[in-house]
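Asks: Please read through the structure below; I'll follow up with questions.
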Amino acid sequence: MALSRWHTLVAALWAGITCGFLYTYGTFGTALKDKFDLGTQSSTISTAQVAIGLITFTSGLLTDRIGVGPTLLVGAAVNAGSWLVFGAIANGFFTVPAPVVWFSLLACCATWGGACVTAAVFTVLAKNFVGQSAAPIGIAKAWVGVAAGVATTVYVGFFPTSDESPERLGYIWFLSAACFLGVALAAPMLKLLAEPASGDDLCIPNQWRYHLLTANTLVLIATTALASLLHDSMNSTERTVLSS
């Protein structure tokens with residue numbers, strides 16, 4: 001089966017979700033602060049990730065210079081590699097002087113690597129959806145926005161720990177693996193097409209799309225609300241059992 005622009009959109013969403021993982025410092029930040037007694041210095045690490053955004057335009061220049069595929073490779077390697085070293089330090093595999101400086105530097109490197117992946121993803125969408133790039137790029141951007149919650153929910157679901165627990169620092173290993181695997185699995189389909197198709201070639205009729213998207217949104221909201229209610233109910237039951 002020939003690669004279509006819709007294949008590249010799905011691959012773009014899969015790779016793009018790893019960029020949203022960069023915004024999950026809060027998932028392990030409390031445990032990191034307590035273990036290294038960082039105090040107010042903990043905010044320096046998250047601030048560094050924001051500050052590095054001022055130079056992430058260089059990832060776009062890199063994409064133009066070496067192409068989508070190599071940029072994806074560089075981005076995934078820098079992103080995953082930075083979190084790997086971050087996790088090694090955080091989990092005590094080796095010690096470093098001035099850990100705040102190292103954590104901030106590694107967080108900046110991870111953010112820049114994620115920006116390279118973002119640049120490659122948006123380049124593919126913009127060039128494969130000629131004249132219709134606004135919607136695919138908007139979808140991809142929204143997908144990146146929900147990624148932080150996805151990563152945290154998946155990890156905490158499989159490895160339930162409190163925010164202050166040192167075991168929560170294991171999330172950084174998960175972060176490194178997810179950032180690499182997400183891009184590696186999507187890379188074979190994340191390519192520029194020689195002759196991008198134009199026009200409306202979706203299999204869903206135009207008159208049904210709004211209704212379908214609305215229904216999907218309502219189902220998602222209902223599922224989220226139900227999950228929250230079940231979680232509260234289980235916690236109440238657990239508290240009752242413990243108190244008795």
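Labels for the structure tokens follow display order: chains A, B, ..., residues from 1 in each chain, ligands from 1.
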Fewer than 4 positions away in the same chain doesn't count, so skip those; otherwise give me all residues within 7 Å of A:Trp173, counting only C-alpha atoms, as JSON, numbers by chain.
Replies: {"A": [84, 87, 177]}
Asks: Need to verify the contact set: A:Lys141, 10 Å, only C-alpha atoms, exclusion of same-chain residues closer than 6 positions in sequence. Can you return it as a VMD selection string?
Replies: chain A and resid 13 16 to 17 19 to 20 118 122 135
Asks: Just N, CA and C atoms for this one: save the residues we selected as a compact mmCIF listing (two decimals), in the first residue's frame.
Replies:
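After the write, again29.txt holds the following:
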```txt
# COMPACT_ATOMS: atom_id res chain seq x y z
N LEU A 13 1.17 12.67 14.54
CA LEU A 13 0.55 12.72 15.87
C LEU A 13 1.30 11.83 16.85
N GLY A 16 4.59 13.55 17.51
CA GLY A 16 4.38 14.83 18.17
C GLY A 16 4.03 14.70 19.63
N ILE A 17 3.40 13.58 20.01
CA ILE A 17 3.02 13.43 21.41
C ILE A 17 4.24 13.40 22.33
N CYS A 19 6.70 15.32 22.15
CA CYS A 19 7.08 16.70 22.45
C CYS A 19 6.33 17.22 23.67
N GLY A 20 5.09 16.74 23.85
CA GLY A 20 4.31 17.15 25.01
C GLY A 20 4.82 16.57 26.31
N THR A 118 9.41 18.46 16.77
CA THR A 118 8.27 19.32 16.41
C THR A 118 8.47 19.97 15.05
N PHE A 122 5.88 19.34 11.91
CA PHE A 122 5.11 20.42 11.29
C PHE A 122 5.54 20.65 9.84
N ALA A 135 -5.58 22.87 9.43
CA ALA A 135 -6.27 21.87 10.25
C ALA A 135 -5.33 20.78 10.76
```
Asks: Do you know which residues are at most 10 Å from A:Ser43 counting only C-alpha atoms, after dropping those on the same chain fewer than 3 positions away, and could you put them as JSON, numbers by chain?
Replies: {"A": [25, 29, 33, 38, 39, 40, 46, 47, 48, 100, 104]}
Asks: Those residues you just picked out, can you put them in a file as a PDB file, in the first residue's frame with all heavy atoms?
Replies:
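New file result.pdb:
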```pdb
ATOM      1  N   TYR A  25       7.421  17.982  34.069  1.00  0.00           N
ATOM      2  CA  TYR A  25       8.344  18.125  35.200  1.00  0.00           C
ATOM      3  C   TYR A  25       7.616  18.026  36.534  1.00  0.00           C
ATOM      4  O   TYR A  25       8.146  17.493  37.513  1.00  0.00           O
ATOM      5  CB  TYR A  25       9.087  19.459  35.109  1.00  0.00           C
ATOM      6  CG  TYR A  25      10.006  19.724  36.287  1.00  0.00           C
ATOM      7  CD1 TYR A  25      11.208  19.035  36.407  1.00  0.00           C
ATOM      8  CD2 TYR A  25       9.651  20.631  37.288  1.00  0.00           C
ATOM      9  CE1 TYR A  25      12.055  19.260  37.495  1.00  0.00           C
ATOM     10  CE2 TYR A  25      10.485  20.858  38.372  1.00  0.00           C
ATOM     11  CZ  TYR A  25      11.683  20.168  38.472  1.00  0.00           C
ATOM     12  OH  TYR A  25      12.512  20.378  39.552  1.00  0.00           O
ATOM     13  N   GLY A  29       8.870  16.473  39.905  1.00  0.00           N
ATOM     14  CA  GLY A  29       9.585  17.617  40.472  1.00  0.00           C
ATOM     15  C   GLY A  29       9.630  17.620  41.993  1.00  0.00           C
ATOM     16  O   GLY A  29      10.654  17.958  42.594  1.00  0.00           O
ATOM     17  N   LYS A  33      12.984  17.489  44.228  1.00  0.00           N
ATOM     18  CA  LYS A  33      13.284  18.569  45.175  1.00  0.00           C
ATOM     19  C   LYS A  33      13.577  18.009  46.560  1.00  0.00           C
ATOM     20  O   LYS A  33      14.521  18.449  47.226  1.00  0.00           O
ATOM     21  CB  LYS A  33      12.106  19.545  45.237  1.00  0.00           C
ATOM     22  CG  LYS A  33      12.327  20.705  46.189  1.00  0.00           C
ATOM     23  CD  LYS A  33      11.172  21.693  46.143  1.00  0.00           C
ATOM     24  CE  LYS A  33       9.908  21.084  46.705  1.00  0.00           C
ATOM     25  NZ  LYS A  33       8.802  22.080  46.775  1.00  0.00           N
ATOM     26  N   LEU A  38      16.445  20.723  47.086  1.00  0.00           N
ATOM     27  CA  LEU A  38      16.618  21.850  46.175  1.00  0.00           C
ATOM     28  C   LEU A  38      15.931  23.122  46.651  1.00  0.00           C
ATOM     29  O   LEU A  38      16.345  24.225  46.310  1.00  0.00           O
ATOM     30  CB  LEU A  38      16.078  21.477  44.785  1.00  0.00           C
ATOM     31  CG  LEU A  38      16.743  20.293  44.095  1.00  0.00           C
ATOM     32  CD1 LEU A  38      16.106  20.046  42.741  1.00  0.00           C
ATOM     33  CD2 LEU A  38      18.244  20.517  43.942  1.00  0.00           C
ATOM     34  N   GLY A  39      14.860  22.954  47.420  1.00  0.00           N
ATOM     35  CA  GLY A  39      14.126  24.130  47.881  1.00  0.00           C
ATOM     36  C   GLY A  39      13.553  24.911  46.709  1.00  0.00           C
ATOM     37  O   GLY A  39      13.015  24.351  45.757  1.00  0.00           O
ATOM     38  N   THR A  40      13.712  26.241  46.761  1.00  0.00           N
ATOM     39  CA  THR A  40      13.179  27.091  45.697  1.00  0.00           C
ATOM     40  C   THR A  40      13.960  26.958  44.392  1.00  0.00           C
ATOM     41  O   THR A  40      13.499  27.413  43.344  1.00  0.00           O
ATOM     42  CB  THR A  40      13.194  28.567  46.135  1.00  0.00           C
ATOM     43  OG1 THR A  40      14.533  28.940  46.503  1.00  0.00           O
ATOM     44  CG2 THR A  40      12.272  28.773  47.327  1.00  0.00           C
ATOM     45  N   SER A  46      12.529  23.979  35.768  1.00  0.00           N
ATOM     46  CA  SER A  46      11.384  24.144  34.874  1.00  0.00           C
ATOM     47  C   SER A  46      11.460  25.457  34.111  1.00  0.00           C
ATOM     48  O   SER A  46      11.052  25.532  32.945  1.00  0.00           O
ATOM     49  CB  SER A  46      10.078  24.071  35.666  1.00  0.00           C
ATOM     50  OG  SER A  46      10.058  25.037  36.703  1.00  0.00           O
ATOM     51  N   THR A  47      12.006  26.493  34.746  1.00  0.00           N
ATOM     52  CA  THR A  47      12.155  27.781  34.063  1.00  0.00           C
ATOM     53  C   THR A  47      13.162  27.676  32.925  1.00  0.00           C
ATOM     54  O   THR A  47      12.997  28.307  31.880  1.00  0.00           O
ATOM     55  CB  THR A  47      12.605  28.866  35.057  1.00  0.00           C
ATOM     56  OG1 THR A  47      11.652  28.963  36.119  1.00  0.00           O
ATOM     57  CG2 THR A  47      12.735  30.216  34.375  1.00  0.00           C
ATOM     58  N   ALA A  48      14.192  26.880  33.122  1.00  0.00           N
ATOM     59  CA  ALA A  48      15.202  26.703  32.078  1.00  0.00           C
ATOM     60  C   ALA A  48      14.591  26.114  30.811  1.00  0.00           C
ATOM     61  O   ALA A  48      14.966  26.487  29.692  1.00  0.00           O
ATOM     62  CB  ALA A  48      16.325  25.800  32.593  1.00  0.00           C
ATOM     63  N   VAL A 100      21.627  21.221  40.441  1.00  0.00           N
ATOM     64  CA  VAL A 100      20.643  22.107  39.794  1.00  0.00           C
ATOM     65  C   VAL A 100      21.141  22.543  38.422  1.00  0.00           C
ATOM     66  O   VAL A 100      20.375  22.613  37.452  1.00  0.00           O
ATOM     67  CB  VAL A 100      20.360  23.347  40.677  1.00  0.00           C
ATOM     68  CG1 VAL A 100      19.490  24.345  39.917  1.00  0.00           C
ATOM     69  CG2 VAL A 100      19.683  22.936  41.963  1.00  0.00           C
ATOM     70  N   SER A 104      19.227  21.503  35.040  1.00  0.00           N
ATOM     71  CA  SER A 104      18.741  22.577  34.169  1.00  0.00           C
ATOM     72  C   SER A 104      19.315  22.433  32.759  1.00  0.00           C
ATOM     73  O   SER A 104      18.597  22.595  31.766  1.00  0.00           O
ATOM     74  CB  SER A 104      19.124  23.944  34.750  1.00  0.00           C
ATOM     75  OG  SER A 104      18.546  24.149  36.018  1.00  0.00           O
TER      76      SER A 104
END
```
Asks: By how many Å are atom CA of A:Leu106 and atom CA of A:Ala11 apart?
Replies: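 Computing it gives 26.8 Å between the two atoms.
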Asks: Would you return as a PyMOL selection string the members of stretch 11-195 of chain A that DSSP assigns to alpha helix (DSSP H) on this structure's backbone?
Replies: chain A and resi 11-20+25-36+42-51+57-66+68-90+99-128+134-158+171-186
Asks: Between A:Leu192, A:Leu212, A:Ala225, A:Val117, which residue has the minimum interatomic distance to A:Arg5, considering only C-alpha atoms?
Replies: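 Nearest to A:Arg5: A:Leu192.
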Asks: Pick out the closest residue to A:Phe28 from this set: A:Ile45, A:Leu181, A:Ala115, A:Ala147. Count only C-alpha atoms.
Replies: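 Residue with the minimum atom-to-atom distance to A:Phe28: A:Ile45.
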Asks: With a distance cut-off of 7 Å and only C-alpha atoms, select the neighbouring residues of stretch 182-191 of chain A, excluding the residue or stretch itself and same-chain residues fewer than 5 positions from it, and output the selection as a ChimeraX atom specification.
Replies: /A:7-8,11-12,14-15,18,76,124
Asks: Only N, CA and C atoms, please: the residues just picked out, written as a tab-separated table (two decimals), in the first residue's frame.
Replies:
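Contents of again_30.tsv, as written:
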```
chain	number	residue	atom	x	y	z
A	7	HIS	N	-1.48	8.80	6.25
A	7	HIS	CA	-0.50	8.01	7.01
A	7	HIS	C	0.49	8.94	7.70
A	8	THR	N	0.92	9.96	6.98
A	8	THR	CA	1.90	10.88	7.57
A	8	THR	C	1.28	11.69	8.72
A	11	ALA	N	1.30	9.39	11.74
A	11	ALA	CA	2.68	9.31	12.22
A	11	ALA	C	3.10	10.60	12.90
A	12	ALA	N	2.65	11.72	12.37
A	12	ALA	CA	2.99	13.02	12.96
A	12	ALA	C	2.40	13.14	14.37
A	14	TRP	N	1.71	10.66	16.38
A	14	TRP	CA	2.42	9.72	17.25
A	14	TRP	C	3.78	10.28	17.67
A	15	ALA	N	4.50	10.89	16.72
A	15	ALA	CA	5.80	11.48	17.06
A	15	ALA	C	5.61	12.77	17.86
A	18	THR	N	5.38	12.96	21.80
A	18	THR	CA	6.59	12.93	22.63
A	18	THR	C	7.05	14.33	22.98
A	76	ALA	N	15.24	12.96	18.51
A	76	ALA	CA	14.94	11.82	19.39
A	76	ALA	C	16.15	11.45	20.23
A	124	VAL	N	6.44	18.26	7.74
A	124	VAL	CA	5.76	17.21	6.98
A	124	VAL	C	4.29	17.57	6.76
```
Asks: Which of these residues is nearest to A:Ser4, using only C-alpha atoms: A:Trp143, A:Phe57, A:Phe129, A:Phe180?
Replies: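 For A:Ser4, the nearest of the candidates is A:Phe129.
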Asks: What's the separation between atom CA of A:Gly53 and atom CA of A:Pro166, in Å to one decimal place?
Replies: 29.2 Å
Asks: Residues at most 12 Å from A:Phe36, counting only C-alpha atoms, excluding those fewer than 3 positions away in the same chain, as a ChimeraX atom specification?
Replies: /A:29-33,39-42,89-92,95-100,103,164,166,169
Asks: Using N, CA, C and O atoms, can you write the selected residues to a file as a compact mmCIF listing (two decimals), in the first residue's frame?
Replies:
```
# COMPACT_ATOMS: atom_id res chain seq x y z
N GLY A 29 8.87 16.47 39.91
CA GLY A 29 9.58 17.62 40.47
C GLY A 29 9.63 17.62 41.99
O GLY A 29 10.65 17.96 42.59
N THR A 30 8.54 17.25 42.63
CA THR A 30 8.50 17.24 44.11
C THR A 30 9.46 16.21 44.68
O THR A 30 10.19 16.48 45.63
N ALA A 31 9.47 15.01 44.07
CA ALA A 31 10.38 13.96 44.53
C ALA A 31 11.83 14.38 44.32
O ALA A 31 12.70 14.12 45.17
N LEU A 32 12.11 15.04 43.20
CA LEU A 32 13.47 15.50 42.92
C LEU A 32 13.89 16.57 43.92
O LEU A 32 15.02 16.54 44.44
N LYS A 33 12.98 17.49 44.23
CA LYS A 33 13.28 18.57 45.17
C LYS A 33 13.58 18.01 46.56
O LYS A 33 14.52 18.45 47.23
N GLY A 39 14.86 22.95 47.42
CA GLY A 39 14.13 24.13 47.88
C GLY A 39 13.55 24.91 46.71
O GLY A 39 13.02 24.35 45.76
N THR A 40 13.71 26.24 46.76
CA THR A 40 13.18 27.09 45.70
C THR A 40 13.96 26.96 44.39
O THR A 40 13.50 27.41 43.34
N GLN A 41 15.13 26.33 44.46
CA GLN A 41 15.93 26.15 43.24
C GLN A 41 15.26 25.19 42.26
O GLN A 41 15.62 25.14 41.09
N SER A 42 14.30 24.43 42.75
CA SER A 42 13.61 23.48 41.89
C SER A 42 12.94 24.18 40.70
O SER A 42 12.90 23.64 39.59
N ILE A 89 21.30 10.54 37.09
CA ILE A 89 21.72 11.42 38.19
C ILE A 89 20.65 11.43 39.28
O ILE A 89 20.94 11.31 40.48
N ALA A 90 19.40 11.58 38.87
CA ALA A 90 18.30 11.69 39.83
C ALA A 90 18.15 10.43 40.67
O ALA A 90 17.81 10.49 41.85
N ASN A 91 18.42 9.28 40.06
CA ASN A 91 18.25 8.01 40.77
C ASN A 91 19.53 7.53 41.44
O ASN A 91 19.59 6.40 41.93
N GLY A 92 20.56 8.38 41.45
CA GLY A 92 21.75 8.11 42.24
C GLY A 92 22.77 7.18 41.62
O GLY A 92 23.60 6.62 42.34
N THR A 95 27.02 10.81 41.05
CA THR A 95 26.80 12.13 41.65
C THR A 95 27.52 13.20 40.84
O THR A 95 28.55 12.93 40.20
N VAL A 96 26.99 14.39 40.89
CA VAL A 96 27.59 15.52 40.18
C VAL A 96 27.60 16.73 41.10
O VAL A 96 26.75 16.86 41.98
N PRO A 97 28.58 17.63 40.93
CA PRO A 97 28.54 18.87 41.69
C PRO A 97 27.46 19.78 41.13
O PRO A 97 27.16 19.75 39.93
N ALA A 98 26.88 20.59 41.98
CA ALA A 98 25.83 21.54 41.57
C ALA A 98 24.75 20.84 40.74
O ALA A 98 24.62 21.10 39.54
N PRO A 99 23.98 19.94 41.33
CA PRO A 99 22.98 19.19 40.57
C PRO A 99 21.95 20.07 39.86
O PRO A 99 21.46 19.70 38.79
N VAL A 100 21.63 21.22 40.44
CA VAL A 100 20.64 22.11 39.79
C VAL A 100 21.14 22.54 38.42
O VAL A 100 20.37 22.61 37.45
N PHE A 103 20.83 19.48 36.09
CA PHE A 103 19.42 19.20 35.77
C PHE A 103 18.87 20.26 34.81
O PHE A 103 18.13 19.93 33.88
N GLU A 164 5.86 12.68 46.49
CA GLU A 164 7.11 12.87 47.24
C GLU A 164 7.99 11.63 47.27
O GLU A 164 9.15 11.70 47.67
N PRO A 166 10.58 8.76 46.49
CA PRO A 166 11.75 8.64 45.62
C PRO A 166 11.51 7.72 44.43
O PRO A 166 12.15 7.87 43.38
N LEU A 169 10.83 9.05 40.86
CA LEU A 169 11.91 9.43 39.96
C LEU A 169 12.13 8.41 38.85
O LEU A 169 12.79 8.69 37.86
```
